[in-house]
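What follows is one structure encoded as structure tokens, with my remarks underneath.
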Amino acid sequence: MSSQDDLFYPVIELPEPTRRARYDRLVGLDAMKARLRKEAILLADPHRLRAWARDHHPGAALAAFDLFADRAPLFVFAGDVGSGKSALAESFGCDLADHLNLPVYLYRLKLATRGSGLVGEMTALIGNAFAHLHEQGRRSRDARRVNCVLILVVDEAGALVQSREAQQMHHEDRVGVDAFLAGVDSFAGANLPVLIVLCTNRVGALDPALMRRTAATFTFTRPGDQQRRAVLAHALQGITSRPDTLDKLVQLTSPNGDRPGYTFSDLTQRLIPAAIVQAFPDEPFATNNYSPLPTELSPIPAFTEGSR
């Protein structure tokens, strides 16, 4: 039996400051965050659905409840590189913890669960990972209430659950996908406070059977003008509030011909830090520190399904 350290990165209890700050920096995603919160609450704590039914549909036996009970607690976050998938996957538990008033534990699956290629190794590792989550999930609830929620994040999911229709796929990888599907199925109807989030920039490469099991797919795109303005205004709060400065930055970071627009990570991890470095240590942060930078710091190239 593999140890927890072999399967997962260190487990993080949410909310915690670093990931709460990441969640707050993902501005312009309010509608997605609101939908994710509701989906997560209904899957993690079915008692909330029953309470809603008692309040709004007393005495009714609604077939829709059975549909919810049968869903696998699986989300797919799909979209371009740098669009905020992983950041939201690892941080929305902070918001969920606030709304449920419960601790949320973040599990991040190691890609080492693919194993070294030995026959049966990948299947065993994936099976052990899901078995561990089942055990922890059962401990996280009793007959009347949920005590905490577990979120499993699988980054670069295409490396683990690639479509079995791919001709070049190795037999061991195929049975690994089978094991992952079996693990997902084991949570459908189990009423355990466990959520599974797959992040990928190659949604078309994921196995179709996996996509059929998905409770919700969230599609991430590069931020538009209003979103980039919100990100920049948030990052530059206390440094600049001039609308013409923000207008110029929004224009400079927008799509231009074959060049795509800037991603969330381009703005927060590259553009603003580079501008600060340019001003440090002798100058204040001013327009000339960052207005030329977008032409020097090209955005991350757009990812296509054929990319590797």
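Residue numbering restarts at 1 for every chain of the structure tokens, chains are lettered A, B, ... in their displayed order, and ligands are numbered from 1 as they appear.
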
Counting only C-alpha atoms, what are the residues of range 72-130 of chain A within 7 Å of range 143-157 of chain A, and for each of them which pair of atoms is the nearest and at what distance in Å, to one decimal? Sort the table by chain and rising number, as a tab-separated table.
```
residue	atom	partner	partner_atom	distance
A:Ser86	CA	A:Asp155	CA	6.9
A:Ala89	CA	A:Val153	CA	6.7
A:Leu102	CA	A:Cys148	CA	5.4
A:Pro103	CA	A:Cys148	CA	5.1
A:Val104	CA	A:Val149	CA	4.7
A:Tyr105	CA	A:Leu150	CA	4.8
A:Leu106	CA	A:Ile151	CA	5.0
A:Tyr107	CA	A:Leu152	CA	4.6
A:Arg108	CA	A:Val153	CA	4.8
A:Leu109	CA	A:Val154	CA	5.4
```

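Residues in contact with range 18-22 of chain A at up to 9 Å, not including ones fewer than 3 positions away on its chain and judged by only C-alpha atoms, are Leu14, Pro15, Arg25, Leu26, Ala87, Leu88, Glu90, Ser91, Phe92, Gly93, Cys94 and Asp95 of chain A.
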
Taking N, CA and C atoms for each residue, export the selection above as a PDB file, in the first residue's frame.
```pdb
ATOM      1  N   LEU A  14      -7.495  24.632   4.116  1.00  0.00           N
ATOM      2  CA  LEU A  14      -8.003  25.917   3.654  1.00  0.00           C
ATOM      3  C   LEU A  14      -9.135  26.366   4.579  1.00  0.00           C
ATOM      4  N   PRO A  15      -9.301  27.677   4.752  1.00  0.00           N
ATOM      5  CA  PRO A  15      -8.575  28.750   4.068  1.00  0.00           C
ATOM      6  C   PRO A  15      -7.189  28.978   4.664  1.00  0.00           C
ATOM      7  N   ARG A  25      -7.174  37.465  -6.345  1.00  0.00           N
ATOM      8  CA  ARG A  25      -6.551  38.074  -7.523  1.00  0.00           C
ATOM      9  C   ARG A  25      -7.220  37.660  -8.819  1.00  0.00           C
ATOM     10  N   LEU A  26      -7.999  36.606  -8.791  1.00  0.00           N
ATOM     11  CA  LEU A  26      -8.690  36.155 -10.001  1.00  0.00           C
ATOM     12  C   LEU A  26      -9.946  36.990 -10.192  1.00  0.00           C
ATOM     13  N   ALA A  87      -4.861  28.022 -10.492  1.00  0.00           N
ATOM     14  CA  ALA A  87      -4.989  28.964  -9.381  1.00  0.00           C
ATOM     15  C   ALA A  87      -6.370  28.868  -8.747  1.00  0.00           C
ATOM     16  N   LEU A  88      -7.414  28.775  -9.562  1.00  0.00           N
ATOM     17  CA  LEU A  88      -8.766  28.666  -9.012  1.00  0.00           C
ATOM     18  C   LEU A  88      -8.985  27.290  -8.389  1.00  0.00           C
ATOM     19  N   GLU A  90      -6.929  25.397  -6.884  1.00  0.00           N
ATOM     20  CA  GLU A  90      -6.258  25.269  -5.596  1.00  0.00           C
ATOM     21  C   GLU A  90      -6.701  26.310  -4.580  1.00  0.00           C
ATOM     22  N   SER A  91      -7.590  27.212  -4.966  1.00  0.00           N
ATOM     23  CA  SER A  91      -7.952  28.288  -4.038  1.00  0.00           C
ATOM     24  C   SER A  91      -9.450  28.405  -3.765  1.00  0.00           C
ATOM     25  N   PHE A  92     -10.314  27.825  -4.639  1.00  0.00           N
ATOM     26  CA  PHE A  92     -11.748  28.012  -4.401  1.00  0.00           C
ATOM     27  C   PHE A  92     -12.197  27.355  -3.107  1.00  0.00           C
ATOM     28  N   GLY A  93     -11.383  26.453  -2.575  1.00  0.00           N
ATOM     29  CA  GLY A  93     -11.696  25.852  -1.280  1.00  0.00           C
ATOM     30  C   GLY A  93     -11.738  26.863  -0.154  1.00  0.00           C
ATOM     31  N   CYS A  94     -11.019  27.980  -0.316  1.00  0.00           N
ATOM     32  CA  CYS A  94     -11.082  29.041   0.698  1.00  0.00           C
ATOM     33  C   CYS A  94     -12.486  29.632   0.746  1.00  0.00           C
ATOM     34  N   ASP A  95     -13.036  29.914  -0.425  1.00  0.00           N
ATOM     35  CA  ASP A  95     -14.399  30.440  -0.507  1.00  0.00           C
ATOM     36  C   ASP A  95     -15.405  29.405  -0.018  1.00  0.00           C
TER      37      ASP A  95
END
```

Worksheet entry | Close residues, Arg212 in chain A itself excluded, 12 Å, only C-alpha atoms, min 6 positions apart in chain, as a PyMOL selection string | chain A and resi 71-72+74-76+181+184-185+206

Selection file, all heavy atoms, as a PDB file, in the first residue's frame:
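Result written to out_35.pdb:
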```pdb
ATOM      1  N   ARG A  71     -24.692  11.839  -9.390  1.00  0.00           N
ATOM      2  CA  ARG A  71     -23.593  12.504 -10.084  1.00  0.00           C
ATOM      3  C   ARG A  71     -22.259  12.203  -9.411  1.00  0.00           C
ATOM      4  O   ARG A  71     -22.154  12.133  -8.194  1.00  0.00           O
ATOM      5  CB  ARG A  71     -23.789  14.021 -10.116  1.00  0.00           C
ATOM      6  CG  ARG A  71     -24.943  14.477 -10.982  1.00  0.00           C
ATOM      7  CD  ARG A  71     -24.835  15.960 -11.295  1.00  0.00           C
ATOM      8  NE  ARG A  71     -24.634  16.783 -10.108  1.00  0.00           N
ATOM      9  CZ  ARG A  71     -24.277  18.065 -10.156  1.00  0.00           C
ATOM     10  NH1 ARG A  71     -24.097  18.653 -11.321  1.00  0.00           N
ATOM     11  NH2 ARG A  71     -24.124  18.748  -9.045  1.00  0.00           N
ATOM     12  N   ALA A  72     -21.215  12.070 -10.233  1.00  0.00           N
ATOM     13  CA  ALA A  72     -19.860  11.981  -9.691  1.00  0.00           C
ATOM     14  C   ALA A  72     -19.399  13.389  -9.329  1.00  0.00           C
ATOM     15  O   ALA A  72     -19.680  14.346 -10.055  1.00  0.00           O
ATOM     16  CB  ALA A  72     -18.918  11.355 -10.710  1.00  0.00           C
ATOM     17  N   LEU A  74     -17.156  15.441  -9.890  1.00  0.00           N
ATOM     18  CA  LEU A  74     -16.016  15.678 -10.780  1.00  0.00           C
ATOM     19  C   LEU A  74     -16.209  16.964 -11.563  1.00  0.00           C
ATOM     20  O   LEU A  74     -17.230  17.152 -12.231  1.00  0.00           O
ATOM     21  CB  LEU A  74     -15.875  14.491 -11.748  1.00  0.00           C
ATOM     22  CG  LEU A  74     -14.816  14.614 -12.842  1.00  0.00           C
ATOM     23  CD1 LEU A  74     -13.412  14.650 -12.231  1.00  0.00           C
ATOM     24  CD2 LEU A  74     -14.933  13.447 -13.828  1.00  0.00           C
ATOM     25  N   PHE A  75     -15.227  17.849 -11.491  1.00  0.00           N
ATOM     26  CA  PHE A  75     -15.200  19.067 -12.278  1.00  0.00           C
ATOM     27  C   PHE A  75     -14.000  19.018 -13.231  1.00  0.00           C
ATOM     28  O   PHE A  75     -12.938  18.491 -12.872  1.00  0.00           O
ATOM     29  CB  PHE A  75     -15.042  20.314 -11.403  1.00  0.00           C
ATOM     30  CG  PHE A  75     -16.142  20.518 -10.399  1.00  0.00           C
ATOM     31  CD1 PHE A  75     -15.858  21.037  -9.145  1.00  0.00           C
ATOM     32  CD2 PHE A  75     -17.458  20.206 -10.701  1.00  0.00           C
ATOM     33  CE1 PHE A  75     -16.864  21.242  -8.213  1.00  0.00           C
ATOM     34  CE2 PHE A  75     -18.478  20.401  -9.780  1.00  0.00           C
ATOM     35  CZ  PHE A  75     -18.167  20.916  -8.528  1.00  0.00           C
ATOM     36  N   VAL A  76     -14.175  19.582 -14.415  1.00  0.00           N
ATOM     37  CA  VAL A  76     -13.061  19.766 -15.348  1.00  0.00           C
ATOM     38  C   VAL A  76     -12.864  21.255 -15.559  1.00  0.00           C
ATOM     39  O   VAL A  76     -13.808  21.973 -15.899  1.00  0.00           O
ATOM     40  CB  VAL A  76     -13.324  19.059 -16.694  1.00  0.00           C
ATOM     41  CG1 VAL A  76     -12.278  19.476 -17.732  1.00  0.00           C
ATOM     42  CG2 VAL A  76     -13.294  17.541 -16.515  1.00  0.00           C
ATOM     43  N   LEU A 181     -11.261   5.999 -13.933  1.00  0.00           N
ATOM     44  CA  LEU A 181     -12.710   6.026 -14.125  1.00  0.00           C
ATOM     45  C   LEU A 181     -13.418   5.252 -13.015  1.00  0.00           C
ATOM     46  O   LEU A 181     -14.458   5.683 -12.506  1.00  0.00           O
ATOM     47  CB  LEU A 181     -13.073   5.442 -15.486  1.00  0.00           C
ATOM     48  CG  LEU A 181     -12.645   6.265 -16.710  1.00  0.00           C
ATOM     49  CD1 LEU A 181     -12.917   5.482 -17.982  1.00  0.00           C
ATOM     50  CD2 LEU A 181     -13.373   7.598 -16.737  1.00  0.00           C
ATOM     51  N   VAL A 184     -13.461   7.429  -9.938  1.00  0.00           N
ATOM     52  CA  VAL A 184     -14.490   8.463 -10.028  1.00  0.00           C
ATOM     53  C   VAL A 184     -15.870   7.855  -9.785  1.00  0.00           C
ATOM     54  O   VAL A 184     -16.690   8.398  -9.038  1.00  0.00           O
ATOM     55  CB  VAL A 184     -14.429   9.159 -11.401  1.00  0.00           C
ATOM     56  CG1 VAL A 184     -15.652  10.045 -11.622  1.00  0.00           C
ATOM     57  CG2 VAL A 184     -13.147   9.972 -11.532  1.00  0.00           C
ATOM     58  N   ASP A 185     -16.134   6.714 -10.418  1.00  0.00           N
ATOM     59  CA  ASP A 185     -17.436   6.051 -10.256  1.00  0.00           C
ATOM     60  C   ASP A 185     -17.700   5.675  -8.802  1.00  0.00           C
ATOM     61  O   ASP A 185     -18.862   5.667  -8.352  1.00  0.00           O
ATOM     62  CB  ASP A 185     -17.497   4.797 -11.129  1.00  0.00           C
ATOM     63  CG  ASP A 185     -17.634   5.117 -12.610  1.00  0.00           C
ATOM     64  OD1 ASP A 185     -18.011   6.261 -12.937  1.00  0.00           O
ATOM     65  OD2 ASP A 185     -17.359   4.229 -13.435  1.00  0.00           O
ATOM     66  N   LEU A 206      -8.828  14.438 -23.348  1.00  0.00           N
ATOM     67  CA  LEU A 206      -9.313  13.640 -22.234  1.00  0.00           C
ATOM     68  C   LEU A 206     -10.242  12.537 -22.733  1.00  0.00           C
ATOM     69  O   LEU A 206     -10.928  12.685 -23.736  1.00  0.00           O
ATOM     70  CB  LEU A 206     -10.062  14.520 -21.234  1.00  0.00           C
ATOM     71  CG  LEU A 206      -9.251  15.612 -20.534  1.00  0.00           C
ATOM     72  CD1 LEU A 206     -10.133  16.336 -19.523  1.00  0.00           C
ATOM     73  CD2 LEU A 206      -8.015  15.048 -19.862  1.00  0.00           C
TER      74      LEU A 206
END
```

Discussion item. With DSSP run on the backbone, what are the strand (DSSP E) residues within range 118-161 of chain A? I'd like them as a list in words.
Written reply: Val149, Leu150, Ile151, Leu152, Val153 and Val154 of chain A

Worksheet, complete the sentence: One residue among A:Ile276, A:Val161, A:Val194, A:Val175 is nearest to Arg138 in chain A when using only C-alpha atoms, and that residue is A:Val194

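Proximity to Pro301 in chain A was assessed for A:Thr123, A:Arg213, A:Gly82, A:Ile196 counting only C-alpha atoms; the smallest distance is recorded for A:Gly82.
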
With range 36-55 of chain A as the partner and 8 Å as the cut-off, tabulate the residues of range 193-256 of chain A that qualify, each row holding the nearest pair of atoms and their distance in Å to one decimal, using only C-alpha atoms, sorted by chain and rising number, as CSV.
```
residue,atom,partner,partner_atom,distance
A:Pro193,CA,A:Ala44,CA,4.2
A:Val194,CA,A:Ala44,CA,6.0
A:Leu195,CA,A:Ala44,CA,6.7
A:Ala216,CA,A:Glu39,CA,7.8
```

Can you list, as a compact mmCIF listing (two decimals) with C-alpha atoms, in the first residue's frame, all residues belonging to range 78-249 of chain A that DSSP tags as helix (DSSP H, G or I)?
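Below you can see selection-v9.txt, which holds the result:
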```
# COMPACT_ATOMS: atom_id res chain seq x y z
CA LYS A 85 -7.32 27.09 -14.02
CA SER A 86 -4.84 25.80 -11.47
CA ALA A 87 -4.99 28.96 -9.38
CA LEU A 88 -8.77 28.67 -9.01
CA ALA A 89 -8.66 24.89 -8.52
CA PHE A 92 -11.75 28.01 -4.40
CA GLY A 93 -11.70 25.85 -1.28
CA CYS A 94 -11.08 29.04 0.70
CA ASP A 95 -14.40 30.44 -0.51
CA LEU A 96 -16.10 27.08 0.05
CA ALA A 97 -14.76 26.90 3.60
CA ASP A 98 -16.19 30.35 4.32
CA HIS A 99 -19.66 29.50 3.00
CA LEU A 100 -19.85 26.07 4.65
CA LEU A 111 1.90 12.71 -11.51
CA ALA A 112 4.22 10.07 -10.09
CA THR A 113 1.02 8.06 -9.69
CA ARG A 114 1.56 7.16 -13.36
CA GLU A 121 1.81 -0.28 -11.03
CA MET A 122 -0.20 2.67 -12.34
CA THR A 123 -3.48 0.93 -11.60
CA ALA A 124 -2.39 0.16 -8.04
CA LEU A 125 -1.19 3.71 -7.35
CA ILE A 126 -4.40 5.32 -8.65
CA GLY A 127 -6.48 2.79 -6.74
CA ASN A 128 -4.56 3.57 -3.55
CA ALA A 129 -5.11 7.31 -4.05
CA PHE A 130 -8.87 6.89 -4.37
CA ALA A 131 -8.95 4.41 -1.48
CA HIS A 132 -7.24 6.98 0.72
CA LEU A 133 -9.76 9.65 -0.25
CA HIS A 134 -12.63 7.26 0.47
CA GLU A 135 -11.26 6.54 3.92
CA GLN A 136 -10.78 10.23 4.71
CA GLY A 137 -14.17 11.07 3.20
CA ARG A 138 -15.96 8.58 5.47
CA ARG A 139 -14.22 10.12 8.47
CA ALA A 157 -4.83 15.85 -16.32
CA GLY A 158 -4.18 14.97 -19.96
CA ALA A 159 -1.02 13.17 -18.84
CA HIS A 171 -1.50 -0.66 -22.57
CA GLU A 172 -0.48 0.35 -19.04
CA ASP A 173 -1.82 3.86 -19.64
CA ARG A 174 -5.11 2.43 -20.86
CA VAL A 175 -5.64 0.38 -17.74
CA GLY A 176 -4.61 3.41 -15.70
CA VAL A 177 -7.45 5.38 -17.26
CA ASP A 178 -9.78 2.48 -16.46
CA ALA A 179 -8.63 2.65 -12.85
CA PHE A 180 -9.20 6.41 -12.70
CA LEU A 181 -12.71 6.03 -14.12
CA ALA A 182 -13.45 3.33 -11.57
CA GLY A 183 -12.23 5.66 -8.84
CA VAL A 184 -14.49 8.46 -10.03
CA ASP A 185 -17.44 6.05 -10.26
CA SER A 186 -16.84 4.93 -6.68
CA PHE A 187 -17.78 8.42 -5.45
CA VAL A 203 -9.67 19.06 -23.02
CA GLY A 204 -10.07 17.33 -26.39
CA ALA A 205 -7.44 14.79 -25.34
CA PRO A 208 -14.70 10.72 -23.57
CA ALA A 209 -15.91 8.39 -20.82
CA LEU A 210 -14.40 10.74 -18.27
CA MET A 211 -16.10 13.77 -19.82
CA ARG A 212 -19.45 11.96 -19.67
CA ARG A 213 -19.00 11.60 -15.91
CA ASP A 225 -10.54 44.23 -21.80
CA GLN A 226 -12.72 44.62 -18.71
CA GLN A 227 -11.08 41.69 -16.93
CA ARG A 228 -7.55 42.95 -17.70
CA ARG A 229 -8.53 46.40 -16.45
CA ALA A 230 -9.85 44.87 -13.23
CA VAL A 231 -6.67 42.80 -12.75
CA LEU A 232 -4.41 45.79 -13.38
CA ALA A 233 -6.46 48.14 -11.21
CA HIS A 234 -6.35 45.61 -8.37
CA ALA A 235 -2.60 45.06 -8.72
CA PRO A 243 -7.77 56.05 -15.88
CA ASP A 244 -5.57 57.03 -18.85
CA THR A 245 -2.74 54.87 -17.51
CA LEU A 246 -5.04 51.87 -17.15
CA ASP A 247 -6.51 52.56 -20.59
CA LYS A 248 -3.04 52.45 -22.11
CA LEU A 249 -2.11 49.22 -20.35
```

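Distances from A:Arg202, A:Arg141, A:Arg242, A:Lys110 to Val11 in chain A were compared using only C-alpha atoms, and the smallest one belongs to A:Lys110.
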
For Arg270 in chain A, list every protein, DNA or RNA residue within 12 Å, evaluated using only C-alpha atoms, and leave out those in the same chain fewer than 2 positions away; present the list as a tab-separated table (two decimals) with all heavy atoms, in the first residue's frame.
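Result written to out04.tsv:
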```
chain	number	residue	atom	x	y	z
A	82	GLY	N	-2.07	29.70	-18.45
A	82	GLY	CA	-2.06	30.97	-17.76
A	82	GLY	C	-3.42	31.61	-17.57
A	82	GLY	O	-3.51	32.78	-17.19
A	262	TYR	N	-2.89	39.14	-23.31
A	262	TYR	CA	-2.13	38.70	-22.13
A	262	TYR	C	-3.03	37.85	-21.23
A	262	TYR	O	-4.22	38.12	-21.08
A	262	TYR	CB	-1.59	39.90	-21.36
A	262	TYR	CG	-0.35	40.51	-21.98
A	262	TYR	CD1	-0.39	41.03	-23.27
A	262	TYR	CD2	0.85	40.54	-21.29
A	262	TYR	CE1	0.75	41.58	-23.85
A	262	TYR	CE2	1.99	41.09	-21.85
A	262	TYR	CZ	1.94	41.61	-23.14
A	262	TYR	OH	3.06	42.14	-23.71
A	263	THR	N	-2.45	36.82	-20.63
A	263	THR	CA	-3.16	35.96	-19.70
A	263	THR	C	-3.13	36.57	-18.30
A	263	THR	O	-2.42	37.54	-18.03
A	263	THR	CB	-2.53	34.57	-19.63
A	263	THR	OG1	-1.23	34.67	-19.01
A	263	THR	CG2	-2.37	33.95	-21.02
A	264	PHE	N	-3.90	35.98	-17.39
A	264	PHE	CA	-3.85	36.41	-16.00
A	264	PHE	C	-2.42	36.32	-15.46
A	264	PHE	O	-1.94	37.24	-14.79
A	264	PHE	CB	-4.78	35.54	-15.14
A	264	PHE	CG	-6.22	35.88	-15.26
A	264	PHE	CD1	-7.09	35.06	-15.98
A	264	PHE	CD2	-6.75	37.01	-14.66
A	264	PHE	CE1	-8.43	35.37	-16.10
A	264	PHE	CE2	-8.10	37.33	-14.76
A	264	PHE	CZ	-8.94	36.50	-15.49
A	265	SER	N	-1.74	35.22	-15.73
A	265	SER	CA	-0.39	35.06	-15.19
A	265	SER	C	0.60	35.99	-15.88
A	265	SER	O	1.57	36.43	-15.26
A	265	SER	CB	0.08	33.61	-15.32
A	265	SER	OG	0.12	33.19	-16.67
A	266	ASP	N	0.38	36.32	-17.17
A	266	ASP	CA	1.23	37.32	-17.82
A	266	ASP	C	1.17	38.64	-17.07
A	266	ASP	O	2.19	39.31	-16.85
A	266	ASP	CB	0.78	37.57	-19.27
A	266	ASP	CG	1.13	36.43	-20.21
A	266	ASP	OD1	2.15	35.75	-19.98
A	266	ASP	OD2	0.37	36.23	-21.18
A	267	LEU	N	-0.04	39.02	-16.66
A	267	LEU	CA	-0.22	40.31	-15.99
A	267	LEU	C	0.33	40.29	-14.57
A	267	LEU	O	1.06	41.20	-14.16
A	267	LEU	CB	-1.71	40.67	-15.96
A	267	LEU	CG	-2.41	40.85	-17.32
A	267	LEU	CD1	-3.90	41.02	-17.12
A	267	LEU	CD2	-1.83	42.04	-18.08
A	268	THR	N	-0.01	39.25	-13.81
A	268	THR	CA	0.31	39.26	-12.38
A	268	THR	C	1.69	38.70	-12.06
A	268	THR	O	2.30	39.09	-11.06
A	268	THR	CB	-0.74	38.45	-11.59
A	268	THR	OG1	-0.74	37.09	-12.05
A	268	THR	CG2	-2.12	39.06	-11.77
A	272	ILE	N	3.59	43.16	-14.07
A	272	ILE	CA	3.69	44.03	-12.90
A	272	ILE	C	5.01	43.83	-12.16
A	272	ILE	O	5.69	44.80	-11.82
A	272	ILE	CB	2.48	43.84	-11.97
A	272	ILE	CG1	1.18	44.18	-12.70
A	272	ILE	CG2	2.63	44.68	-10.71
A	272	ILE	CD1	1.11	45.59	-13.24
A	273	PRO	N	5.45	42.57	-11.88
A	273	PRO	CA	6.75	42.41	-11.22
A	273	PRO	C	7.90	43.01	-12.03
A	273	PRO	O	8.81	43.62	-11.46
A	273	PRO	CB	6.89	40.89	-11.10
A	273	PRO	CG	5.49	40.40	-11.04
A	273	PRO	CD	4.73	41.28	-11.98
A	274	ALA	N	7.88	42.86	-13.36
A	274	ALA	CA	8.96	43.42	-14.17
A	274	ALA	C	8.99	44.94	-14.09
A	274	ALA	O	10.06	45.56	-14.08
A	274	ALA	CB	8.81	42.98	-15.62
A	275	ALA	N	7.81	45.55	-14.02
A	275	ALA	CA	7.75	47.00	-13.90
A	275	ALA	C	8.31	47.47	-12.56
A	275	ALA	O	8.99	48.50	-12.49
A	275	ALA	CB	6.31	47.47	-14.07
A	276	ILE	N	8.03	46.72	-11.51
A	276	ILE	CA	8.57	47.07	-10.20
A	276	ILE	C	10.09	46.96	-10.20
A	276	ILE	O	10.80	47.82	-9.67
A	276	ILE	CB	7.95	46.17	-9.11
A	276	ILE	CG1	6.46	46.52	-8.95
A	276	ILE	CG2	8.68	46.32	-7.78
A	276	ILE	CD1	5.71	45.60	-8.01
A	277	VAL	N	10.59	45.89	-10.81
A	277	VAL	CA	12.04	45.72	-10.89
A	277	VAL	C	12.68	46.88	-11.65
A	277	VAL	O	13.75	47.38	-11.30
A	277	VAL	CB	12.39	44.37	-11.57
A	277	VAL	CG1	13.87	44.29	-11.92
A	277	VAL	CG2	12.00	43.22	-10.66
A	290	TYR	N	6.29	51.01	-16.80
A	290	TYR	CA	5.60	49.84	-17.35
A	290	TYR	C	4.99	50.06	-18.72
A	290	TYR	O	4.61	49.11	-19.38
A	290	TYR	CB	4.52	49.34	-16.38
A	290	TYR	CG	3.59	50.37	-15.84
A	290	TYR	CD1	2.49	50.79	-16.56
A	290	TYR	CD2	3.80	50.90	-14.58
A	290	TYR	CE1	1.62	51.73	-16.04
A	290	TYR	CE2	2.93	51.84	-14.06
A	290	TYR	CZ	1.85	52.26	-14.79
A	290	TYR	OH	1.00	53.18	-14.28
A	293	LEU	N	6.80	48.02	-21.33
A	293	LEU	CA	7.07	46.62	-21.03
A	293	LEU	C	6.24	45.62	-21.82
A	293	LEU	O	6.74	44.57	-22.19
A	293	LEU	CB	6.92	46.37	-19.53
A	293	LEU	CG	8.08	46.91	-18.69
A	293	LEU	CD1	7.76	46.78	-17.22
A	293	LEU	CD2	9.36	46.17	-19.01
A	294	PRO	N	4.95	45.88	-22.08
A	294	PRO	CA	4.19	44.87	-22.81
A	294	PRO	C	4.77	44.52	-24.18
A	294	PRO	O	4.60	43.40	-24.65
A	294	PRO	CB	2.80	45.51	-22.94
A	294	PRO	CG	2.70	46.40	-21.76
A	294	PRO	CD	4.09	46.96	-21.58
A	296	GLU	N	7.94	44.40	-24.75
A	296	GLU	CA	9.15	43.63	-24.47
A	296	GLU	C	8.84	42.27	-23.87
A	296	GLU	O	9.58	41.30	-24.07
A	296	GLU	CB	10.05	44.41	-23.51
A	296	GLU	CG	10.49	45.77	-24.05
A	296	GLU	CD	11.14	46.63	-22.98
A	296	GLU	OE1	11.38	46.10	-21.88
A	296	GLU	OE2	11.40	47.81	-23.24
A	297	LEU	N	7.75	42.18	-23.10
A	297	LEU	CA	7.34	40.92	-22.48
A	297	LEU	C	6.16	40.36	-23.26
A	297	LEU	O	5.01	40.67	-22.99
A	297	LEU	CB	6.93	41.16	-21.03
A	297	LEU	CG	8.04	41.58	-20.06
A	297	LEU	CD1	7.46	41.92	-18.72
A	297	LEU	CD2	9.07	40.47	-19.92
A	298	SER	N	6.45	39.56	-24.24
A	298	SER	CA	5.38	39.00	-25.07
A	298	SER	C	4.53	38.06	-24.24
A	298	SER	O	5.03	37.38	-23.33
A	298	SER	CB	5.98	38.25	-26.27
A	298	SER	OG	6.71	39.14	-27.09
A	299	PRO	N	3.24	37.98	-24.53
A	299	PRO	CA	2.37	37.07	-23.78
A	299	PRO	C	2.71	35.61	-24.08
A	299	PRO	O	3.34	35.29	-25.11
A	299	PRO	CB	0.98	37.42	-24.29
A	299	PRO	CG	1.20	38.00	-25.65
A	299	PRO	CD	2.51	38.73	-25.56
A	300	ILE	N	2.30	34.74	-23.19
A	300	ILE	CA	2.46	33.31	-23.41
A	300	ILE	C	1.76	32.93	-24.72
A	300	ILE	O	0.60	33.34	-24.94
A	300	ILE	CB	1.86	32.51	-22.25
A	300	ILE	CG1	2.55	32.86	-20.94
A	300	ILE	CG2	1.92	31.01	-22.52
A	300	ILE	CD1	1.84	32.29	-19.71
```
